[in-house]
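S.K.: Sharing a structure here in structure tokens format.
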Amino acid sequence: MTIPVRIFGQKTVDDEIISLLAGYIATGSSLSEIENISLTMNKDVLTAKIYGKNIMITTHDQQTEPAGDIVVILNKPISESYMHILKTTNIKEKWITFRLINKYYFVGAFIGFYLVSNNPVDAMDKAIDIIKTMENDNPVSSVWERLNYYRVYKRLLEATERLLSRSNLLEIQGRRSKEILIGFMNDDLNVFASKIIVWGRSTFTTPPVRIVSIKNLLPGTNVRKRSFICLDTNILENNRALFECNNKYCCIFGDDPIKLVIRLEKFFSGRKA
């Protein structure tokens, strides 16, 4: 029997929670410390209560500034830099970075350091410092990238299954040997792709594999870190609002392979209507 683990009081683990966890892991703190910490998240403010203090973290682009025992405002533009502000009843401190700070990474790191020190200034200072290293050589960066690749790989498998189950999408390929590519390109410019071969009414598919050379065959220049579905048919060349085409493929690109399958479904159902 598997017992579900609660992370920051959340049962559902999504991209934001994974980002929070990556920031927290970077502090070296024990995961058991966060099991019962209640964290409220919305698009404006992330709120946690630790040591009896209400901690509220937001970004400069939000319309209103939250009121709490500890308030952090991230990413206020200053010339070509960004200011990050910490406010408590008795303290107002500022930090400068040359790049935007990821809010979710920061919250995880801030909580980790605050649990250790019970000092918001110390936690803020260390959290900002470690977030800067996470984009360079910190091992947590590698862990996070692997988690993200796994998530996209799983979505690619699900998208391939959905595509195979939609015979109307495969029939556009005609009754001769054709192929459909569905995949994504990761940070190191390698392509992971499945190939679906359509032969009459029969289909054959390969599992997602690393194919370095395919990126040179795809149309368009903005392929990096994107999902794609490519059809080797020229009947789509007049639909440039959706497809990018070259002499081999017509492709659609996006952030999620399943959403691309849904876009194809809507497109071809509209054509038949």
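Ordering of the structure tokens sets the chain letters (A, B, ...); residue numbers start at 1 within each chain; ligands are numbered from 1 in the order shown.
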Counting only C-alpha atoms, what is within 6 Å of stretch 17-21 of chain A, bar same-chain residues fewer than 4 positions away, as a PDB file with N, CA and C atoms, in the first residue's frame?
M.R.:
ATOM      1  N   VAL A  13       0.535  17.284  -6.758  1.00  0.00           N
ATOM      2  CA  VAL A  13       1.867  17.784  -7.092  1.00  0.00           C
ATOM      3  C   VAL A  13       1.864  18.246  -8.538  1.00  0.00           C
ATOM      4  N   ILE A  25      14.782  21.698  -1.724  1.00  0.00           N
ATOM      5  CA  ILE A  25      15.841  20.686  -1.713  1.00  0.00           C
ATOM      6  C   ILE A  25      17.225  21.346  -1.779  1.00  0.00           C
ATOM      7  N   TYR A 104       8.626  30.589  -7.440  1.00  0.00           N
ATOM      8  CA  TYR A 104       8.402  29.299  -6.776  1.00  0.00           C
ATOM      9  C   TYR A 104       9.708  28.701  -6.253  1.00  0.00           C
ATOM     10  N   TYR A 105      10.783  28.798  -7.030  1.00  0.00           N
ATOM     11  CA  TYR A 105      12.090  28.395  -6.509  1.00  0.00           C
ATOM     12  C   TYR A 105      12.386  29.153  -5.211  1.00  0.00           C
ATOM     13  N   GLY A 108      10.370  28.077  -2.009  1.00  0.00           N
ATOM     14  CA  GLY A 108      10.883  26.836  -1.448  1.00  0.00           C
ATOM     15  C   GLY A 108      12.178  27.051  -0.687  1.00  0.00           C
TER      16      GLY A 108
END
S.K.: Any idea what's packed within 8 Å of A:His60, counting only C-alpha atoms, ignoring anything in its chain fewer than 2 positions away? Could you give it as a list in words?
M.R.: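 The contact residues come out as Thr58, Gln62, Ile73, Leu74, Asn75 and Lys76 of chain A.
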S.K.: For the residues selected in the previous step, produce a file with N, CA and C atoms as a compact mmCIF listing (two decimals), in the first residue's frame.
M.R.:
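Resulting contents of out_30.txt:
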# COMPACT_ATOMS: atom_id res chain seq x y z
N THR A 58 5.15 37.89 -2.97
CA THR A 58 4.50 38.28 -4.22
C THR A 58 5.55 38.83 -5.17
N GLN A 62 2.19 42.59 -9.38
CA GLN A 62 0.85 42.46 -8.82
C GLN A 62 0.32 43.84 -8.43
N ILE A 73 8.65 41.12 -1.65
CA ILE A 73 8.24 41.56 -2.99
C ILE A 73 9.42 41.33 -3.92
N LEU A 74 9.20 40.50 -4.93
CA LEU A 74 10.28 40.11 -5.84
C LEU A 74 10.18 40.86 -7.17
N ASN A 75 11.34 41.04 -7.80
CA ASN A 75 11.44 41.43 -9.22
C ASN A 75 10.91 42.82 -9.54
N LYS A 76 11.25 43.81 -8.71
CA LYS A 76 10.94 45.20 -9.05
C LYS A 76 12.02 45.72 -9.99
S.K.: Give the strand (DSSP E or B) residues of stretch 70-153 of chain A, as DSSP finds them on the backbone, and put them as a list in words.
M.R.: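 Assigned to strand (DSSP E or B), within stretch 70-153 of chain A: Ile70, Val71, Val72, Ile73, Leu74, Asn75, Lys76, Pro77, Ile78, Ser81, Tyr82, Met83, His84, Ile85, Leu86, Lys87, Lys92, Glu93, Lys94, Trp95, Ile96 and Thr97 of chain A.
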S.K.: For the selection you just gave me, I'd like the residues written to a file as a PDB file, in the first residue's frame, keeping N, CA and C atoms.
M.R.:
ATOM      1  N   ILE A  70       5.638  39.009   7.666  1.00  0.00           N
ATOM      2  CA  ILE A  70       6.824  39.051   6.809  1.00  0.00           C
ATOM      3  C   ILE A  70       6.337  39.138   5.369  1.00  0.00           C
ATOM      4  N   VAL A  71       6.741  40.176   4.660  1.00  0.00           N
ATOM      5  CA  VAL A  71       6.319  40.374   3.272  1.00  0.00           C
ATOM      6  C   VAL A  71       7.566  40.455   2.393  1.00  0.00           C
ATOM      7  N   VAL A  72       7.556  39.683   1.295  1.00  0.00           N
ATOM      8  CA  VAL A  72       8.636  39.721   0.321  1.00  0.00           C
ATOM      9  C   VAL A  72       8.050  40.111  -1.030  1.00  0.00           C
ATOM     10  N   ILE A  73       8.651  41.117  -1.651  1.00  0.00           N
ATOM     11  CA  ILE A  73       8.240  41.560  -2.988  1.00  0.00           C
ATOM     12  C   ILE A  73       9.417  41.334  -3.924  1.00  0.00           C
ATOM     13  N   LEU A  74       9.203  40.495  -4.931  1.00  0.00           N
ATOM     14  CA  LEU A  74      10.277  40.110  -5.843  1.00  0.00           C
ATOM     15  C   LEU A  74      10.180  40.855  -7.169  1.00  0.00           C
ATOM     16  N   ASN A  75      11.336  41.041  -7.801  1.00  0.00           N
ATOM     17  CA  ASN A  75      11.436  41.425  -9.217  1.00  0.00           C
ATOM     18  C   ASN A  75      10.909  42.823  -9.537  1.00  0.00           C
ATOM     19  N   LYS A  76      11.250  43.808  -8.712  1.00  0.00           N
ATOM     20  CA  LYS A  76      10.945  45.200  -9.046  1.00  0.00           C
ATOM     21  C   LYS A  76      12.020  45.716  -9.994  1.00  0.00           C
ATOM     22  N   PRO A  77      11.661  46.113 -11.218  1.00  0.00           N
ATOM     23  CA  PRO A  77      12.678  46.553 -12.189  1.00  0.00           C
ATOM     24  C   PRO A  77      13.396  47.811 -11.725  1.00  0.00           C
ATOM     25  N   ILE A  78      14.712  47.769 -11.776  1.00  0.00           N
ATOM     26  CA  ILE A  78      15.553  48.922 -11.450  1.00  0.00           C
ATOM     27  C   ILE A  78      16.622  49.011 -12.534  1.00  0.00           C
ATOM     28  N   SER A  81      18.392  45.983 -13.801  1.00  0.00           N
ATOM     29  CA  SER A  81      18.459  44.994 -12.733  1.00  0.00           C
ATOM     30  C   SER A  81      17.082  44.844 -12.097  1.00  0.00           C
ATOM     31  N   TYR A  82      17.033  44.039 -11.021  1.00  0.00           N
ATOM     32  CA  TYR A  82      15.775  43.788 -10.318  1.00  0.00           C
ATOM     33  C   TYR A  82      16.016  43.879  -8.813  1.00  0.00           C
ATOM     34  N   MET A  83      15.097  44.579  -8.137  1.00  0.00           N
ATOM     35  CA  MET A  83      15.174  44.738  -6.696  1.00  0.00           C
ATOM     36  C   MET A  83      14.187  43.788  -6.028  1.00  0.00           C
ATOM     37  N   HIS A  84      14.610  43.241  -4.881  1.00  0.00           N
ATOM     38  CA  HIS A  84      13.781  42.326  -4.107  1.00  0.00           C
ATOM     39  C   HIS A  84      13.729  42.864  -2.682  1.00  0.00           C
ATOM     40  N   ILE A  85      12.542  43.045  -2.151  1.00  0.00           N
ATOM     41  CA  ILE A  85      12.332  43.789  -0.914  1.00  0.00           C
ATOM     42  C   ILE A  85      11.763  42.877   0.168  1.00  0.00           C
ATOM     43  N   LEU A  86      12.332  42.964   1.365  1.00  0.00           N
ATOM     44  CA  LEU A  86      11.828  42.258   2.539  1.00  0.00           C
ATOM     45  C   LEU A  86      11.317  43.276   3.544  1.00  0.00           C
ATOM     46  N   LYS A  87      10.071  43.084   4.008  1.00  0.00           N
ATOM     47  CA  LYS A  87       9.490  43.990   4.998  1.00  0.00           C
ATOM     48  C   LYS A  87       8.957  43.197   6.182  1.00  0.00           C
ATOM     49  N   LYS A  92      13.237  46.750   6.865  1.00  0.00           N
ATOM     50  CA  LYS A  92      13.026  46.852   5.425  1.00  0.00           C
ATOM     51  C   LYS A  92      14.395  46.729   4.766  1.00  0.00           C
ATOM     52  N   GLU A  93      14.612  45.616   4.085  1.00  0.00           N
ATOM     53  CA  GLU A  93      15.893  45.337   3.446  1.00  0.00           C
ATOM     54  C   GLU A  93      15.678  45.135   1.947  1.00  0.00           C
ATOM     55  N   LYS A  94      16.727  45.408   1.157  1.00  0.00           N
ATOM     56  CA  LYS A  94      16.638  45.296  -0.293  1.00  0.00           C
ATOM     57  C   LYS A  94      17.826  44.508  -0.838  1.00  0.00           C
ATOM     58  N   TRP A  95      17.565  43.746  -1.890  1.00  0.00           N
ATOM     59  CA  TRP A  95      18.594  42.988  -2.593  1.00  0.00           C
ATOM     60  C   TRP A  95      18.479  43.282  -4.083  1.00  0.00           C
ATOM     61  N   ILE A  96      19.583  43.208  -4.802  1.00  0.00           N
ATOM     62  CA  ILE A  96      19.601  43.461  -6.238  1.00  0.00           C
ATOM     63  C   ILE A  96      20.151  42.221  -6.964  1.00  0.00           C
ATOM     64  N   THR A  97      19.478  41.829  -8.043  1.00  0.00           N
ATOM     65  CA  THR A  97      20.015  40.798  -8.935  1.00  0.00           C
ATOM     66  C   THR A  97      19.918  41.312 -10.370  1.00  0.00           C
TER      67      THR A  97
END
S.K.: For a quick check of understanding, using only C-alpha atoms, which of A:Val116, A:Leu163, A:Lys195, A:Gly52 has the smallest distance to A:Tyr24?
M.R.: A:Val116
S.K.: Go ahead and compute the interatomic distance for atom CA of A:Ile196 and atom CA of A:Tyr149, in Å to one decimal.
M.R.: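 Spanning atom CA of A:Ile196 to atom CA of A:Tyr149 is a straight-line distance of 21.5 Å.
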S.K.: Could you find all residues in stretch 45-133 of chain A that DSSP calls alpha helix (DSSP H) from the backbone, and write them as a PDB file with C-alpha atoms, in the first residue's frame?
M.R.:
ATOM      1  CA  LYS A 103       8.959  32.995  -7.455  1.00  0.00           C
ATOM      2  CA  TYR A 104       8.402  29.299  -6.776  1.00  0.00           C
ATOM      3  CA  TYR A 105      12.090  28.395  -6.509  1.00  0.00           C
ATOM      4  CA  PHE A 106      12.483  31.318  -4.123  1.00  0.00           C
ATOM      5  CA  VAL A 107       9.571  30.385  -1.872  1.00  0.00           C
ATOM      6  CA  GLY A 108      10.883  26.836  -1.448  1.00  0.00           C
ATOM      7  CA  ALA A 109      14.390  28.075  -0.640  1.00  0.00           C
ATOM      8  CA  PHE A 110      13.161  30.849   1.682  1.00  0.00           C
ATOM      9  CA  ILE A 111      11.037  28.410   3.681  1.00  0.00           C
ATOM     10  CA  GLY A 112      13.943  25.971   3.970  1.00  0.00           C
ATOM     11  CA  PHE A 113      16.335  28.580   5.309  1.00  0.00           C
ATOM     12  CA  TYR A 114      13.720  30.245   7.531  1.00  0.00           C
ATOM     13  CA  LEU A 115      12.915  26.921   9.196  1.00  0.00           C
ATOM     14  CA  VAL A 116      16.595  26.639  10.160  1.00  0.00           C
ATOM     15  CA  SER A 117      17.307  30.200  11.279  1.00  0.00           C
ATOM     16  CA  PRO A 120      13.860  36.422   7.666  1.00  0.00           C
ATOM     17  CA  VAL A 121      16.895  38.502   6.648  1.00  0.00           C
ATOM     18  CA  ASP A 122      19.201  35.501   6.786  1.00  0.00           C
ATOM     19  CA  ALA A 123      16.645  33.370   4.915  1.00  0.00           C
ATOM     20  CA  MET A 124      16.181  36.031   2.241  1.00  0.00           C
ATOM     21  CA  ASP A 125      19.921  36.473   1.762  1.00  0.00           C
ATOM     22  CA  LYS A 126      20.630  32.753   1.441  1.00  0.00           C
ATOM     23  CA  ALA A 127      17.564  32.057  -0.717  1.00  0.00           C
ATOM     24  CA  ILE A 128      18.509  34.687  -3.290  1.00  0.00           C
ATOM     25  CA  ASP A 129      22.090  33.456  -3.329  1.00  0.00           C
ATOM     26  CA  ILE A 130      21.159  29.823  -3.904  1.00  0.00           C
ATOM     27  CA  ILE A 131      18.522  30.651  -6.545  1.00  0.00           C
ATOM     28  CA  LYS A 132      21.252  32.363  -8.562  1.00  0.00           C
ATOM     29  CA  THR A 133      23.381  29.219  -8.429  1.00  0.00           C
TER      30      THR A 133
END
